[in-house]
Amino acid sequence: MGKVMIVPKGTEEFRCIGTACEDHCCNSWRVDIDRVGFMKVTTSSNSVIKPLAKKAYVKNQNATNDSNYGLMQWNSERLCHFLDENKWCIIHKELGESALCNTCAIYPREHRQVGEYVEKSLSLSCPEVVRTLLLQVEGLEFEEVLAQSNERVINKAFVKAEAVDFIWKVRIFAINLLQERSIPLDIRMLLLGVFMEQVNKKTQTLENIEQVILKMEQRISMPEYLQAILNVKGNELVQLQLHKELIRTTIEEISFNPRFVNVVNQFIRGLQTGPLEEKEITEETLKAYMDAQAPYQQFMKQHPYILENYIVHYIFTNLFPLNAENSFEAYEDIVINYQVIKALLIGVAAHNGELTVDDAILVIQSYSKVAAHSSKSYITLRQKIKESGLESMPFLFTYIKTNE
């Protein structure tokens, strides 16, 4: 019997679209090669594979275990040496799927062991994954499936049995809150922050988390409490200053990704920001930012599920809230991603005068590719957000809230 896996609905239906993909995965980022995959390719006598292997596969001098025994080297165009003229994998064609390293065989799938279950999700760095998962109008749901007999299940993270109840209590409450569409998404994000602030103050016991959840449910049920948060005004100047700093940091770290560079250029031109390193926000930029709220808000009313699904997917995929030093820092990471994506969407709206679903796919996928697959970039983003005082909930309110 195969492993029991929890997956977002749509995961098992995902299929790579091959050469039709607008941003194939065989380029740019770091690819670790496991020892078995390394040996299968580098010791092959196949006349096509052998010369390419000498260029593509090198031993990792800083390897810590068999999973990162080797590294992929890109060609001068930052593409995989094993792509044919149609951008199909030559290793797969010549040696079969079994010769692929774990990274190439599994991507865009990811596995994590949580207690007795394996959680499988898909990386949003793939455009087709964004379409498959984030365009679900009714919202992301989860189901149990059995791993196929030939499926490689390589767990990249483990959650001990004693932490399983805690993580699921927090995630279930967070996901239910984020999928409550009677409340604007920005407000749901703020409520999640209030919740995580309280979680962070308590010892991680089941009794404590249940008390925090009960108190939070009571607050949310009070119309006057929600109205007080709705009445909070966002600070567009503060938002723009931090947007520019976070986007500048990201583009400096991963400047070779042309799709993300295209998105950032639309942000710069649409909002007339000038060079991102300039901290001053001009009146023209502030006006362009505020004017672009209208097409952004219109898009959100027509497609309220896309960013909601993004955050729910993030919570599930990143083992929230155990993916940071503490629970509130895990929430800060969500804010970083949500706000950068939102800022880029507003910039694209300013540039084009409107937003489309294709724009959202481009923004989310290209950002996910540069952020999720670059630990250096993400560490820098976290540092920038800390320098800006994000630990303060009042600051978060003014930074997150989009004014109508």
# chains A, B, ... in the order shown; residues from 1 in each chain; ligands from 1
call {"tool": "residues_around", "arguments": {"residues": "A:Val312", "least_positions_apart": "2", "cutoff": "9 Å", "atoms": "only C-alpha atoms", "output": "number ranges by chain"}}
result
A: 139-140, 171, 174-175, 178-179, 307-310, 314-317
call {"tool": "residues_around", "arguments": {"residues": "A:Ser392", "least_positions_apart": "5", "cutoff": "12 Å", "atoms": "only C-alpha atoms", "output": "list in words"}}
result
Leu190, Gly193, Val194, Glu197, Phe328, Glu329, Glu332, Ile385, Lys386, Glu387, Phe397, Thr398 and Tyr399 of chain A
call {"tool": "closest_atom_pairs", "arguments": {"of": "stretch 79-153 of chain A", "to": "stretch 36-51 of chain A", "cutoff": "9 Å", "atoms": "only C-alpha atoms", "output": "CSV"}}
result
residue,atom,partner,partner_atom,distance
A:Phe82,CA,A:Ile49,CA,8.0
A:Ile90,CA,A:Ile49,CA,7.6
A:Ile91,CA,A:Ile49,CA,7.0
A:Glu94,CA,A:Ile49,CA,7.6
A:Leu95,CA,A:Asn46,CA,8.3
A:Ser98,CA,A:Gly37,CA,8.4
A:Ala99,CA,A:Lys40,CA,5.9
A:Leu100,CA,A:Gly37,CA,5.9
A:Cys101,CA,A:Gly37,CA,4.2
A:Asn102,CA,A:Gly37,CA,7.0
call {"tool": "atom_distance", "arguments": {"atom1": "atom CA of A:Met393", "atom2": "atom CA of A:Asp186"}}
result
13.6 Å
call {"tool": "select_by_dssp", "arguments": {"residues": "stretch 160-336 of chain A", "states": "helix (DSSP H, G or I)", "output": "PyMOL selection string"}}
result
chain A and resi 161-178+185-200+206-220+223-230+236-253+258-271+283-291+293-302+305-317+327-336
call {"tool": "closest_atom_pairs", "arguments": {"of": "stretch 114-198 of chain A", "to": "stretch 302-305 of chain A", "cutoff": "8 Å", "atoms": "only C-alpha atoms", "output": "Markdown table"}}
result
| residue | atom | partner | partner_atom | distance |
| --- | --- | --- | --- | --- |
| A:Leu134 | CA | A:Tyr305 | CA | 7.3 |
| A:Leu135 | CA | A:Tyr305 | CA | 7.1 |
| A:Gln136 | CA | A:Tyr305 | CA | 7.1 |
| A:Val137 | CA | A:Tyr305 | CA | 5.8 |
| A:Glu138 | CA | A:Tyr305 | CA | 7.3 |
| A:Gly139 | CA | A:Tyr305 | CA | 6.1 |
call {"tool": "residues_around", "arguments": {"residues": "A:His243", "least_positions_apart": "2", "cutoff": "9 Å", "atoms": "only C-alpha atoms", "output": "list in words"}}
result
Val238, Gln239, Leu240, Gln241, Glu245, Leu246, Ile247, Arg248, Gln339, Val340, Ala343 and Leu344 of chain A
call {"tool": "atom_distance", "arguments": {"atom1": "atom CA of A:Ser67", "atom2": "atom CA of A:Thr19"}}
result
28.3 Å
call {"tool": "residues_around", "arguments": {"residues": "A:Ala350", "least_positions_apart": "2", "cutoff": "9 Å", "atoms": "only C-alpha atoms", "output": "list in words"}}
result
Gln266, Phe267, Arg269, Gly270, Leu271, Ala288, Tyr289, Asp291, Ala292, Gln293, Pro295, Tyr296, Leu345, Ile346, Gly347, Val348, Asn352, Gly353, Glu354 and Leu355 of chain A
call {"tool": "write_last_selection", "arguments": {"atoms": "C-alpha atoms", "output": "mmCIF file, in the first residue's frame"}}
result
data_model
loop_
_atom_site.group_PDB
_atom_site.id
_atom_site.type_symbol
_atom_site.label_atom_id
_atom_site.label_comp_id
_atom_site.auth_asym_id
_atom_site.auth_seq_id
_atom_site.Cartn_x
_atom_site.Cartn_y
_atom_site.Cartn_z
ATOM 1 C CA GLN A 266 6.102 47.598 -15.557
ATOM 2 C CA PHE A 267 5.970 48.533 -11.864
ATOM 3 C CA ARG A 269 7.132 52.698 -15.525
ATOM 4 C CA GLY A 270 3.516 52.414 -14.381
ATOM 5 C CA LEU A 271 4.120 54.174 -11.076
ATOM 6 C CA ALA A 288 -0.138 57.013 -9.875
ATOM 7 C CA TYR A 289 -0.192 54.498 -7.016
ATOM 8 C CA ASP A 291 -5.045 55.984 -9.164
ATOM 9 C CA ALA A 292 -4.067 52.358 -9.816
ATOM 10 C CA GLN A 293 -6.077 51.221 -6.794
ATOM 11 C CA PRO A 295 -8.247 48.748 -11.549
ATOM 12 C CA TYR A 296 -6.593 46.655 -8.837
ATOM 13 C CA LEU A 345 -0.067 43.864 -9.411
ATOM 14 C CA ILE A 346 -0.833 47.521 -8.646
ATOM 15 C CA GLY A 347 2.216 48.575 -10.671
ATOM 16 C CA VAL A 348 1.142 46.436 -13.620
ATOM 17 C CA ASN A 352 -1.599 48.771 -18.480
ATOM 18 C CA GLY A 353 -4.652 50.581 -17.147
ATOM 19 C CA GLU A 354 -6.149 47.231 -16.127
ATOM 20 C CA LEU A 355 -5.324 43.833 -14.660
#
call {"tool": "select_by_dssp", "arguments": {"residues": "stretch 52-220 of chain A", "states": "strand (DSSP E)", "output": "PyMOL selection string"}}
result
chain A and resi 57-59+70-72+109-114+117-122+142-146+155-159
call {"tool": "write_last_selection", "arguments": {"atoms": "N, CA and C atoms", "output": "mmCIF file, in the first residue's frame"}}
result
data_model
loop_
_atom_site.group_PDB
_atom_site.id
_atom_site.type_symbol
_atom_site.label_atom_id
_atom_site.label_comp_id
_atom_site.auth_asym_id
_atom_site.auth_seq_id
_atom_site.Cartn_x
_atom_site.Cartn_y
_atom_site.Cartn_z
ATOM 1 N N TYR A 57 27.311 18.313 -15.188
ATOM 2 C CA TYR A 57 27.327 17.804 -13.818
ATOM 3 C C TYR A 57 28.715 17.979 -13.198
ATOM 4 N N VAL A 58 28.765 18.623 -12.021
ATOM 5 C CA VAL A 58 30.022 18.755 -11.284
ATOM 6 C C VAL A 58 29.773 18.340 -9.835
ATOM 7 N N LYS A 59 30.812 17.835 -9.188
ATOM 8 C CA LYS A 59 30.678 17.483 -7.781
ATOM 9 C C LYS A 59 30.540 18.749 -6.938
ATOM 10 N N GLY A 70 25.994 16.515 -6.076
ATOM 11 C CA GLY A 70 26.449 17.240 -7.264
ATOM 12 C C GLY A 70 25.643 18.492 -7.516
ATOM 13 N N LEU A 71 26.106 19.258 -8.497
ATOM 14 C CA LEU A 71 25.424 20.490 -8.893
ATOM 15 C C LEU A 71 25.295 20.551 -10.406
ATOM 16 N N MET A 72 24.223 21.200 -10.868
ATOM 17 C CA MET A 72 24.021 21.427 -12.293
ATOM 18 C C MET A 72 24.732 22.707 -12.717
ATOM 19 N N ARG A 109 6.761 19.117 -7.773
ATOM 20 C CA ARG A 109 6.156 18.530 -6.575
ATOM 21 C C ARG A 109 7.090 18.677 -5.375
ATOM 22 N N GLU A 110 6.493 18.823 -4.203
ATOM 23 C CA GLU A 110 7.247 18.927 -2.952
ATOM 24 C C GLU A 110 6.581 18.041 -1.902
ATOM 25 N N HIS A 111 7.391 17.398 -1.065
ATOM 26 C CA HIS A 111 6.862 16.499 -0.037
ATOM 27 C C HIS A 111 7.398 16.888 1.334
ATOM 28 N N ARG A 112 6.553 16.709 2.342
ATOM 29 C CA ARG A 112 6.940 16.944 3.728
ATOM 30 C C ARG A 112 6.254 15.887 4.595
ATOM 31 N N GLN A 113 7.000 15.339 5.543
ATOM 32 C CA GLN A 113 6.447 14.342 6.452
ATOM 33 C C GLN A 113 5.898 15.049 7.675
ATOM 34 N N VAL A 114 4.580 14.948 7.885
ATOM 35 C CA VAL A 114 3.930 15.584 9.027
ATOM 36 C C VAL A 114 3.240 14.480 9.823
ATOM 37 N N TYR A 117 1.442 11.352 8.123
ATOM 38 C CA TYR A 117 1.066 11.691 6.751
ATOM 39 C C TYR A 117 2.220 12.342 6.003
ATOM 40 N N VAL A 118 2.182 12.186 4.680
ATOM 41 C CA VAL A 118 3.034 12.966 3.790
ATOM 42 C C VAL A 118 2.167 14.062 3.182
ATOM 43 N N GLU A 119 2.634 15.281 3.235
ATOM 44 C CA GLU A 119 1.923 16.377 2.572
ATOM 45 C C GLU A 119 2.623 16.674 1.255
ATOM 46 N N LYS A 120 1.878 16.646 0.176
ATOM 47 C CA LYS A 120 2.439 16.932 -1.148
ATOM 48 C C LYS A 120 1.789 18.184 -1.711
ATOM 49 N N SER A 121 2.602 19.064 -2.233
ATOM 50 C CA SER A 121 2.075 20.262 -2.884
ATOM 51 C C SER A 121 2.864 20.520 -4.151
ATOM 52 N N LEU A 122 2.522 21.602 -4.834
ATOM 53 C CA LEU A 122 3.180 21.970 -6.084
ATOM 54 C C LEU A 122 3.767 23.369 -5.960
ATOM 55 N N PHE A 142 -8.555 20.375 0.382
ATOM 56 C CA PHE A 142 -7.515 19.363 0.549
ATOM 57 C C PHE A 142 -8.153 17.979 0.606
ATOM 58 N N GLU A 143 -7.392 16.985 0.142
ATOM 59 C CA GLU A 143 -7.901 15.622 0.110
ATOM 60 C C GLU A 143 -6.769 14.635 0.391
ATOM 61 N N GLU A 144 -7.148 13.403 0.742
ATOM 62 C CA GLU A 144 -6.179 12.339 0.953
ATOM 63 C C GLU A 144 -6.090 11.485 -0.308
ATOM 64 N N VAL A 145 -4.856 11.160 -0.709
ATOM 65 C CA VAL A 145 -4.626 10.287 -1.855
ATOM 66 C C VAL A 145 -3.521 9.303 -1.484
ATOM 67 N N LEU A 146 -3.373 8.266 -2.280
ATOM 68 C CA LEU A 146 -2.287 7.312 -2.092
ATOM 69 C C LEU A 146 -1.196 7.577 -3.115
ATOM 70 N N ASN A 155 11.053 13.549 1.111
ATOM 71 C CA ASN A 155 10.604 14.549 2.073
ATOM 72 C C ASN A 155 11.686 15.601 2.315
ATOM 73 N N LYS A 156 11.332 16.863 2.099
ATOM 74 C CA LYS A 156 12.284 17.950 2.324
ATOM 75 C C LYS A 156 12.167 18.530 3.728
ATOM 76 N N ALA A 157 11.172 18.088 4.493
ATOM 77 C CA ALA A 157 10.998 18.575 5.864
ATOM 78 C C ALA A 157 10.216 17.538 6.667
ATOM 79 N N PHE A 158 10.427 17.565 7.977
ATOM 80 C CA PHE A 158 9.752 16.632 8.870
ATOM 81 C C PHE A 158 9.158 17.393 10.052
ATOM 82 N N VAL A 159 7.960 17.024 10.452
ATOM 83 C CA VAL A 159 7.337 17.568 11.651
ATOM 84 C C VAL A 159 7.132 16.410 12.612
#
call {"tool": "residues_around", "arguments": {"residues": "stretch 160-165 of chain A", "least_positions_apart": "2", "cutoff": "7 Å", "atoms": "only C-alpha atoms", "output": "PyMOL selection string"}}
result
chain A and resi 114-115+158+167-169+206
call {"tool": "closest_residue", "arguments": {"among": "A:Glu12, A:Asp66, A:Glu252, A:Glu404", "to": "A:Arg35", "atoms": "only C-alpha atoms"}}
result
A:Asp66
call {"tool": "atom_distance", "arguments": {"atom1": "atom CA of A:Val199", "atom2": "atom CA of A:Leu214"}}
result
11.8 Å
call {"tool": "residues_around", "arguments": {"residues": "A:Leu362", "least_positions_apart": "4", "cutoff": "9 Å", "atoms": "only C-alpha atoms", "output": "PDB file with N, CA and C atoms, in the first residue's frame"}}
result
ATOM      1  N   PRO A 127       4.349  28.106 -14.103  1.00  0.00           N
ATOM      2  CA  PRO A 127       3.132  28.804 -14.539  1.00  0.00           C
ATOM      3  C   PRO A 127       1.892  27.905 -14.566  1.00  0.00           C
ATOM      4  N   ARG A 259      11.352  37.248 -16.963  1.00  0.00           N
ATOM      5  CA  ARG A 259       9.925  37.455 -16.701  1.00  0.00           C
ATOM      6  C   ARG A 259       9.728  38.355 -15.495  1.00  0.00           C
ATOM      7  N   PHE A 260      10.522  38.136 -14.450  1.00  0.00           N
ATOM      8  CA  PHE A 260      10.390  38.988 -13.267  1.00  0.00           C
ATOM      9  C   PHE A 260      10.896  40.404 -13.561  1.00  0.00           C
ATOM     10  N   VAL A 263       8.155  42.286 -15.164  1.00  0.00           N
ATOM     11  CA  VAL A 263       7.139  42.729 -14.196  1.00  0.00           C
ATOM     12  C   VAL A 263       7.627  43.957 -13.437  1.00  0.00           C
ATOM     13  N   VAL A 357      -6.159  38.131 -15.657  1.00  0.00           N
ATOM     14  CA  VAL A 357      -5.737  36.886 -15.012  1.00  0.00           C
ATOM     15  C   VAL A 357      -4.326  36.515 -15.461  1.00  0.00           C
ATOM     16  N   ASP A 358      -4.020  36.720 -16.737  1.00  0.00           N
ATOM     17  CA  ASP A 358      -2.673  36.430 -17.232  1.00  0.00           C
ATOM     18  C   ASP A 358      -1.626  37.289 -16.528  1.00  0.00           C
ATOM     19  N   SER A 366       6.478  34.492 -11.568  1.00  0.00           N
ATOM     20  CA  SER A 366       7.838  35.026 -11.698  1.00  0.00           C
ATOM     21  C   SER A 366       8.403  35.418 -10.338  1.00  0.00           C
ATOM     22  N   TYR A 367       7.565  35.977  -9.466  1.00  0.00           N
ATOM     23  CA  TYR A 367       8.033  36.313  -8.121  1.00  0.00           C
ATOM     24  C   TYR A 367       8.333  35.046  -7.334  1.00  0.00           C
TER      25      TYR A 367
END
call {"tool": "closest_residue", "arguments": {"among": "A:Gly2, A:Thr203, A:Leu124, A:Gly234", "to": "A:Ser149", "atoms": "only C-alpha atoms"}}
result
A:Gly2
call {"tool": "residues_around", "arguments": {"residues": "A:Cys89", "least_positions_apart": "5", "cutoff": "10 Å", "atoms": "only C-alpha atoms", "output": "PyMOL selection string"}}
result
chain A and resi 18+26+80-84+94+96-97+100+104
call {"tool": "write_last_selection", "arguments": {"atoms": "C-alpha atoms", "output": "PDB file, in the first residue's frame"}}
result
ATOM      1  CA  GLY A  18       6.196  20.857 -22.021  1.00  0.00           C
ATOM      2  CA  CYS A  26      15.336  23.907 -16.902  1.00  0.00           C
ATOM      3  CA  CYS A  80      20.325  23.162 -19.058  1.00  0.00           C
ATOM      4  CA  HIS A  81      22.878  21.408 -21.297  1.00  0.00           C
ATOM      5  CA  PHE A  82      20.459  18.483 -21.598  1.00  0.00           C
ATOM      6  CA  LEU A  83      17.744  20.351 -23.528  1.00  0.00           C
ATOM      7  CA  ASP A  84      17.209  19.428 -27.165  1.00  0.00           C
ATOM      8  CA  GLU A  94      18.052   8.696 -23.972  1.00  0.00           C
ATOM      9  CA  GLY A  96      14.600   7.109 -19.271  1.00  0.00           C
ATOM     10  CA  GLU A  97      12.935   8.761 -16.296  1.00  0.00           C
ATOM     11  CA  LEU A 100      16.772  11.790 -13.721  1.00  0.00           C
ATOM     12  CA  CYS A 104      14.303  17.020 -11.942  1.00  0.00           C
TER      13      CYS A 104
END
call {"tool": "closest_residue", "arguments": {"among": "A:Asn65, A:Ala371, A:Glu280, A:Gln365", "to": "A:Glu22", "atoms": "only C-alpha atoms"}}
result
A:Gln365
